[in-house]
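The data block below is structure.pdb; it holds PDB, C-alpha atoms and all ligand atoms.
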ATOM      1  CA  MET M 105       7.512   0.006  15.237  1.00  0.00           C
ATOM      2  CA  MET M 106       6.592  -1.839  12.112  1.00  0.00           C
ATOM      3  CA  THR M 107       3.579  -2.155   9.927  1.00  0.00           C
ATOM      4  CA  ARG M 108       2.208  -5.573   9.262  1.00  0.00           C
ATOM      5  CA  VAL M 109      -1.016  -6.738   7.681  1.00  0.00           C
ATOM      6  CA  SER M 110      -2.465 -10.137   8.392  1.00  0.00           C
ATOM      7  CA  VAL M 111      -1.753 -12.535   5.598  1.00  0.00           C
ATOM      8  CA  SER M 112      -3.331 -15.945   5.037  1.00  0.00           C
ATOM      9  CA  ILE M 113      -1.121 -19.024   4.833  1.00  0.00           C
ATOM     10  CA  GLU M 114      -1.989 -19.279   1.139  1.00  0.00           C
ATOM     11  CA  LEU M 115      -0.976 -15.682   0.497  1.00  0.00           C
ATOM     12  CA  ALA M 116       2.215 -16.062   2.544  1.00  0.00           C
ATOM     13  CA  THR M 117       3.121 -19.072   0.402  1.00  0.00           C
ATOM     14  CA  TRP M 118       2.340 -17.093  -2.723  1.00  0.00           C
ATOM     15  CA  ILE M 119       4.515 -14.141  -1.626  1.00  0.00           C
ATOM     16  CA  THR M 120       7.369 -16.525  -0.763  1.00  0.00           C
ATOM     17  CA  ALA M 121       7.168 -18.016  -4.251  1.00  0.00           C
ATOM     18  CA  ARG M 122       7.100 -14.570  -5.923  1.00  0.00           C
ATOM     19  CA  ILE M 123      10.231 -13.588  -3.987  1.00  0.00           C
ATOM     20  CA  ALA M 124      12.025 -16.816  -4.890  1.00  0.00           C
ATOM     21  CA  ASN M 125      11.072 -16.537  -8.557  1.00  0.00           C
ATOM     22  CA  TYR M 126      11.478 -12.793  -8.859  1.00  0.00           C
ATOM     23  CA  PRO M 127      14.537 -12.852 -11.138  1.00  0.00           C
ATOM     24  CA  ALA M 128      12.650 -15.058 -13.599  1.00  0.00           C
ATOM     25  CA  GLU M 129       9.173 -13.543 -13.290  1.00  0.00           C
ATOM     26  CA  ALA M 130       9.797  -9.823 -13.057  1.00  0.00           C
ATOM     27  CA  PRO M 131       9.405  -7.786 -16.212  1.00  0.00           C
ATOM     28  CA  GLU M 132      12.738  -6.932 -17.724  1.00  0.00           C
ATOM     29  CA  ASN M 133      12.613  -3.293 -16.651  1.00  0.00           C
ATOM     30  CA  LEU M 134      12.168  -4.342 -13.006  1.00  0.00           C
ATOM     31  CA  ARG M 135      14.694  -7.135 -12.927  1.00  0.00           C
ATOM     32  CA  TRP M 136      17.379  -4.920 -11.465  1.00  0.00           C
ATOM     33  CA  HIS M 137      15.450  -5.199  -8.182  1.00  0.00           C
ATOM     34  CA  SER M 138      16.375  -8.885  -7.955  1.00  0.00           C
ATOM     35  CA  PRO M 139      19.447  -8.566  -5.692  1.00  0.00           C
ATOM     36  CA  HIS M 140      17.443  -6.363  -3.306  1.00  0.00           C
ATOM     37  CA  VAL M 141      14.569  -8.825  -3.301  1.00  0.00           C
ATOM     38  CA  ALA M 142      16.870 -11.714  -2.447  1.00  0.00           C
ATOM     39  CA  ARG M 143      18.757  -9.769   0.204  1.00  0.00           C
ATOM     40  CA  HIS M 144      15.727  -8.296   1.943  1.00  0.00           C
ATOM     41  CA  GLY M 145      13.266 -11.159   1.487  1.00  0.00           C
ATOM     42  CA  ALA M 146      10.483  -8.900   0.340  1.00  0.00           C
ATOM     43  CA  LEU M 147       8.396  -8.562  -2.801  1.00  0.00           C
ATOM     44  CA  PRO M 148       8.660  -5.032  -4.227  1.00  0.00           C
ATOM     45  CA  LEU M 149       5.317  -3.285  -4.514  1.00  0.00           C
ATOM     46  CA  TYR M 150       6.152   0.366  -4.915  1.00  0.00           C
ATOM     47  CA  ALA M 151       9.368   1.764  -6.336  1.00  0.00           C
ATOM     48  CA  GLY M 152      10.036   5.387  -5.491  1.00  0.00           C
ATOM     49  CA  TRP M 153      12.938   7.536  -6.625  1.00  0.00           C
ATOM     50  CA  THR M 154      15.378   6.340  -3.988  1.00  0.00           C
ATOM     51  CA  GLU M 155      13.488   3.749  -1.984  1.00  0.00           C
ATOM     52  CA  THR M 156      11.393   0.716  -2.706  1.00  0.00           C
ATOM     53  CA  ILE M 157       8.611  -0.605  -0.485  1.00  0.00           C
ATOM     54  CA  GLY M 158       8.029  -4.333  -0.335  1.00  0.00           C
ATOM     55  CA  ILE M 159       5.973  -6.884   1.558  1.00  0.00           C
ATOM     56  CA  ARG M 160       7.384  -9.914   3.323  1.00  0.00           C
ATOM     57  CA  PRO M 161       5.585 -13.249   3.474  1.00  0.00           C
ATOM     58  CA  ASP M 162       4.535 -12.511   7.065  1.00  0.00           C
ATOM     59  CA  GLY M 163       2.782  -9.317   5.935  1.00  0.00           C
ATOM     60  CA  GLU M 164       5.449  -6.925   7.179  1.00  0.00           C
ATOM     61  CA  PHE M 165       6.089  -3.847   5.041  1.00  0.00           C
ATOM     62  CA  VAL M 166       9.710  -2.831   4.689  1.00  0.00           C
ATOM     63  CA  ARG M 167      11.585  -0.291   2.619  1.00  0.00           C
ATOM     64  CA  TRP M 168      15.124  -0.252   1.362  1.00  0.00           C
ATOM     65  CA  SER M 169      17.322   2.240  -0.380  1.00  0.00           C
ATOM     66  CA  THR M 170      18.072   1.635  -4.035  1.00  0.00           C
ATOM     67  CA  GLU M 171      20.639   4.435  -3.912  1.00  0.00           C
ATOM     68  CA  GLY M 172      22.815   3.095  -1.121  1.00  0.00           C
ATOM     69  CA  GLU M 173      21.557   5.681   1.358  1.00  0.00           C
ATOM     70  CA  PHE M 174      21.256   3.084   4.100  1.00  0.00           C
ATOM     71  CA  ASP M 175      21.932  -0.599   4.554  1.00  0.00           C
ATOM     72  CA  GLY M 176      19.318  -3.267   5.108  1.00  0.00           C
ATOM     73  CA  THR M 177      15.654  -2.479   5.545  1.00  0.00           C
ATOM     74  CA  ARG M 178      13.672   0.039   7.517  1.00  0.00           C
ATOM     75  CA  SER M 179      10.103  -0.225   8.637  1.00  0.00           C
ATOM     76  CA  VAL M 180       7.372   1.653   6.815  1.00  0.00           C
ATOM     77  CA  GLU M 181       5.877   3.804   9.515  1.00  0.00           C
ATOM     78  CA  GLU M 182       3.804   6.139   7.400  1.00  0.00           C
ATOM     79  CA  ARG M 183       0.591   4.257   6.871  1.00  0.00           C
ATOM     80  CA  SER M 184      -0.355   6.189   3.761  1.00  0.00           C
ATOM     81  CA  TRP M 185       2.765   4.667   2.218  1.00  0.00           C
ATOM     82  CA  VAL M 186       1.607   1.188   3.184  1.00  0.00           C
ATOM     83  CA  LEU M 187      -1.659   1.953   1.467  1.00  0.00           C
ATOM     84  CA  THR M 188       0.089   3.317  -1.590  1.00  0.00           C
ATOM     85  CA  ALA M 189       2.258   0.212  -1.807  1.00  0.00           C
ATOM     86  CA  LEU M 190      -0.830  -1.975  -1.522  1.00  0.00           C
ATOM     87  CA  VAL M 191      -2.774  -0.069  -4.169  1.00  0.00           C
ATOM     88  CA  VAL M 192       0.116  -0.081  -6.629  1.00  0.00           C
ATOM     89  CA  GLY M 193       1.034  -3.671  -5.786  1.00  0.00           C
ATOM     90  CA  ALA M 194      -2.534  -4.928  -6.198  1.00  0.00           C
ATOM     91  CA  GLU M 195      -2.595  -3.489  -9.705  1.00  0.00           C
ATOM     92  CA  ARG M 196       0.249  -5.787 -10.615  1.00  0.00           C
ATOM     93  CA  TYR M 197      -0.700  -8.714  -8.406  1.00  0.00           C
ATOM     94  CA  ALA M 198      -4.405  -9.489  -8.182  1.00  0.00           C
ATOM     95  CA  GLU M 199      -3.609 -11.872  -5.308  1.00  0.00           C
ATOM     96  CA  LEU M 200      -2.965  -8.848  -3.086  1.00  0.00           C
ATOM     97  CA  ARG M 201      -6.391  -7.305  -3.650  1.00  0.00           C
ATOM     98  CA  PRO M 202      -7.909  -8.942  -0.561  1.00  0.00           C
ATOM     99  CA  LEU M 203      -5.493  -6.852   1.523  1.00  0.00           C
ATOM    100  CA  LEU M 204      -6.995  -3.592   0.239  1.00  0.00           C
ATOM    101  CA  PRO M 205      -9.576  -1.840   2.391  1.00  0.00           C
ATOM    102  CA  VAL M 206     -13.153  -2.210   1.163  1.00  0.00           C
ATOM    103  CA  ARG M 207     -15.071   0.933   0.320  1.00  0.00           C
ATOM    104  CA  GLY M 208     -17.929   1.309   2.773  1.00  0.00           C
ATOM    105  CA  PRO M 209     -21.294   2.953   2.088  1.00  0.00           C
ATOM    106  CA  ASP M 210     -20.215   6.104   3.972  1.00  0.00           C
ATOM    107  CA  ALA M 211     -17.035   6.597   2.004  1.00  0.00           C
ATOM    108  CA  VAL M 212     -16.549   9.788   0.037  1.00  0.00           C
ATOM    109  CA  ASP M 213     -14.559  10.404  -3.114  1.00  0.00           C
ATOM    110  CA  CYS M 214     -11.115  11.764  -2.348  1.00  0.00           C
ATOM    111  CA  PRO M 215     -10.582  15.344  -3.593  1.00  0.00           C
ATOM    112  CA  CYS M 216      -7.706  14.000  -5.699  1.00  0.00           C
ATOM    113  CA  ARG M 217     -10.242  12.490  -8.097  1.00  0.00           C
ATOM    114  CA  ALA M 218     -10.741  15.971  -9.542  1.00  0.00           C
ATOM    115  CA  ILE M 219      -7.055  16.254 -10.430  1.00  0.00           C
ATOM    116  CA  PRO M 220      -6.067  14.499 -13.674  1.00  0.00           C
ATOM    117  CA  LEU M 221      -2.483  13.934 -12.545  1.00  0.00           C
ATOM    118  CA  PHE M 222      -3.755  11.851  -9.647  1.00  0.00           C
ATOM    119  CA  VAL M 223      -6.493  10.112 -11.605  1.00  0.00           C
ATOM    120  CA  SER M 224      -3.992   9.026 -14.231  1.00  0.00           C
ATOM    121  CA  GLY M 225      -1.838   7.460 -11.527  1.00  0.00           C
ATOM    122  CA  GLN M 226       1.207   9.516 -12.486  1.00  0.00           C
ATOM    123  CA  VAL M 227       1.201  10.964  -8.996  1.00  0.00           C
ATOM    124  CA  VAL M 228       0.047   8.986  -5.990  1.00  0.00           C
ATOM    125  CA  CYS M 229      -2.235  10.822  -3.590  1.00  0.00           C
ATOM    126  CA  GLY M 230      -0.819  10.971  -0.079  1.00  0.00           C
ATOM    127  CA  GLU M 231      -4.301  11.245   1.357  1.00  0.00           C
ATOM    128  CA  CYS M 232      -6.037   8.166  -0.045  1.00  0.00           C
ATOM    129  CA  GLY M 233      -2.921   6.339  -1.253  1.00  0.00           C
ATOM    130  CA  GLY M 234      -4.477   6.085  -4.699  1.00  0.00           C
ATOM    131  CA  LEU M 235      -7.646   4.332  -3.577  1.00  0.00           C
ATOM    132  CA  GLY M 236      -9.689   7.302  -4.763  1.00  0.00           C
ATOM    133  CA  TRP M 237     -11.917   7.427  -1.718  1.00  0.00           C
ATOM    134  CA  LEU M 238     -11.832   8.202   1.957  1.00  0.00           C
ATOM    135  CA  PRO M 239     -13.984   6.625   4.613  1.00  0.00           C
ATOM    136  CA  ALA M 240     -16.187   9.040   6.482  1.00  0.00           C
ATOM    137  CA  ASP M 241     -17.932   8.843   9.792  1.00  0.00           C
ATOM    138  CA  ARG M 242     -21.317  10.455   9.557  1.00  0.00           C
ATOM    139  CA  VAL M 243     -22.332  12.515  12.472  1.00  0.00           C
ATOM    140  CA  THR M 244     -26.066  12.456  13.070  1.00  0.00           C
ATOM    141  CA  SER M 245     -27.424  15.740  14.336  1.00  0.00           C
ATOM    142  CA  ARG M 246     -30.466  15.933  16.560  1.00  0.00           C
ATOM    143  CA  ARG M 247     -32.679  17.827  14.138  1.00  0.00           C
ATOM    144  CA  GLY M 248     -32.002  15.838  11.047  1.00  0.00           C
ATOM    145  CA  GLU M 249     -29.694  18.452   9.609  1.00  0.00           C
ATOM    146  CA  PRO M 250     -27.395  17.350   6.813  1.00  0.00           C
ATOM    147  CA  ARG M 251     -24.881  14.959   8.158  1.00  0.00           C
ATOM    148  CA  GLU M 252     -21.367  16.045   7.752  1.00  0.00           C
ATOM    149  CA  PRO M 253     -18.754  13.619   6.463  1.00  0.00           C
ATOM    150  CA  ARG M 254     -15.676  13.501   8.596  1.00  0.00           C
ATOM    151  CA  ARG M 255     -12.374  11.930   7.835  1.00  0.00           C
ATOM    152  CA  VAL M 256     -11.204   9.369  10.302  1.00  0.00           C
ATOM    153  CA  GLY M 257      -7.908   7.742  11.070  1.00  0.00           C
ATOM    154  CA  TRP M 258      -9.096   4.694   9.274  1.00  0.00           C
ATOM    155  CA  TYR M 259      -5.817   3.178   8.256  1.00  0.00           C
ATOM    156  CA  HIS M 260      -4.807   3.239  11.874  1.00  0.00           C
ATOM    157  CA  ARG M 261      -7.739   0.959  12.553  1.00  0.00           C
ATOM    158  CA  LEU M 262      -6.922  -1.178   9.556  1.00  0.00           C
ATOM    159  CA  PHE M 263      -3.290  -1.693  10.237  1.00  0.00           C
ATOM    160  CA  GLY M 264      -3.322  -1.360  14.010  1.00  0.00           C
ATOM    161  CA  GLY M 265      -1.436   1.045  16.177  1.00  0.00           C
TER     162      GLY M 265
HETATM  163 ZN    ZN V   1      -6.703  10.792  -3.015  1.00  0.00          ZN
END

Let me see the file written as structure tokens.
Ligand SMILES: [Zn+2]
Amino acid sequence: MMTRVSVSIELATWITARIANYPAEAPENLRWHSPHVARHGALPLYAGWTETIGIRPDGEFVRWSTEGEFDGTRSVEERSWVLTALVVGAERYAELRPLLPVRGPDAVDCPCRAIPLFVSGQVVCGECGGLGWLPADRVTSRRGEPREPRRVGWYHRLFGG
């Protein structure tokens, strides 16, 4: 199983160019990713301790080990990680912002917003992926009682599967 978002032709072209030009365009402290980028054909979005998550021009999310723990790429099956990669990646690349989910009127602030470590971005929230909010389905009761927000498997809807 793999995770793929739908990418416009323009964005696919843009990602292809970022991959091709990565050695020249990446900030110096990220340039060591270049061989991985060339080998795996993906633009790095999120660099963890031992693995990096990147997006391919066709919108597929892949991860690879930067510590030699495994060869090649593996799919990103945890959708909160896809979201995290998108949130972090869109901070660096404004072009990726259209891929982020849009906050709906029913959304609620994620509990992580009360925790400075998460707000500062030093730690990425595994619940909202750093978006800072969670969508909620509102359940209407018969007697007009307060409607209770409920978390939904929204990224499953977003990314399919
Ligand atoms: Zn959160």

inquiry  = For the provided coordinates, the residues matched by the PyMOL selection byres (((chain M and resi 190) around 9) and not hetatm) should be stated as a count of residues only.
reply    = 18

inquiry  = When the PyMOL selection byres (((not hetatm)) within 9 of (chain V and resi 1)) is applied to the structure above, which residues does it catch, written out as a list of chain:residue names?
reply    = M:Asp213, M:Cys214, M:Pro215, M:Cys216, M:Arg217, M:Phe222, M:Val223, M:Val228, M:Cys229, M:Gly230, M:Glu231, M:Cys232, M:Gly233, M:Gly234, M:Leu235, M:Gly236, M:Trp237, M:Leu238

I need the chosen residues saved as an mmCIF file, in the coordinates of the input, with C-alpha atoms.
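Heads up, here's the output in again-v9.cif:
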data_model
loop_
_atom_site.group_PDB
_atom_site.id
_atom_site.type_symbol
_atom_site.label_atom_id
_atom_site.label_comp_id
_atom_site.auth_asym_id
_atom_site.auth_seq_id
_atom_site.Cartn_x
_atom_site.Cartn_y
_atom_site.Cartn_z
ATOM 1 C CA ASP M 213 -14.559 10.404 -3.114
ATOM 2 C CA CYS M 214 -11.115 11.764 -2.348
ATOM 3 C CA PRO M 215 -10.582 15.344 -3.593
ATOM 4 C CA CYS M 216 -7.706 14.000 -5.699
ATOM 5 C CA ARG M 217 -10.242 12.490 -8.097
ATOM 6 C CA PHE M 222 -3.755 11.851 -9.647
ATOM 7 C CA VAL M 223 -6.493 10.112 -11.605
ATOM 8 C CA VAL M 228 0.047 8.986 -5.990
ATOM 9 C CA CYS M 229 -2.235 10.822 -3.590
ATOM 10 C CA GLY M 230 -0.819 10.971 -0.079
ATOM 11 C CA GLU M 231 -4.301 11.245 1.357
ATOM 12 C CA CYS M 232 -6.037 8.166 -0.045
ATOM 13 C CA GLY M 233 -2.921 6.339 -1.253
ATOM 14 C CA GLY M 234 -4.477 6.085 -4.699
ATOM 15 C CA LEU M 235 -7.646 4.332 -3.577
ATOM 16 C CA GLY M 236 -9.689 7.302 -4.763
ATOM 17 C CA TRP M 237 -11.917 7.427 -1.718
ATOM 18 C CA LEU M 238 -11.832 8.202 1.957
#

query = Given the file above and the PyMOL selection byres (((chain M and resi 118) around 12) and not hetatm), which residues are selected, and can you give them as a VMD selection string?
reply = chain M and resid 111 to 117 119 to 126 146 to 147 159 to 163 197 to 200

ask   = What does the distance between atom CA of Ser169 of chain M and atom CA of Ser110 of chain M come to in Å, to one decimal place?
value =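 Going from atom CA of Ser169 of chain M over to atom CA of Ser110 of chain M covers 24.9 Å.
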
key: Among listed residues M:Ala151, M:Ala211, M:Ser224, M:Thr107, nearest Glu164 of chain M (using all atoms listed in the file)   =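 Among the listed residues, the smallest separation from Glu164 of chain M belongs to M:Thr107.
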
task = Go through M:Ala128, M:Pro202, M:Ile219, M:Asp175 and flag the residue nearest Arg143 of chain M, using all atoms listed in the file for the distances.
result = M:Asp175

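Put simply, atom CA of Gly208 of chain M is 23.7 Å away from atom CA of Arg196 of chain M.
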
Go ahead and fit an axis-aligned box to every listed atom of segment 139-142 of chain M plus 5 Å each side, and pass me the centre and edge lengths in Å, one decimal, as AutoDock Vina command-line options.
--center_x 17.0 --center_y -9.0 --center_z -4.1 --size_x 14.9 --size_y 15.4 --size_z 13.2

request  = Measure the distance from atom CA of Arg178 of chain M to atom CA of Pro148 of chain M in Å and round it to one decimal.
outcome  = 13.7 Å

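Between Val166 of chain M and the candidates M:Arg108, M:Pro127, M:Val206, M:Glu132, the tightest atom-to-atom separation, counting only C-alpha atoms, involves M:Arg108.
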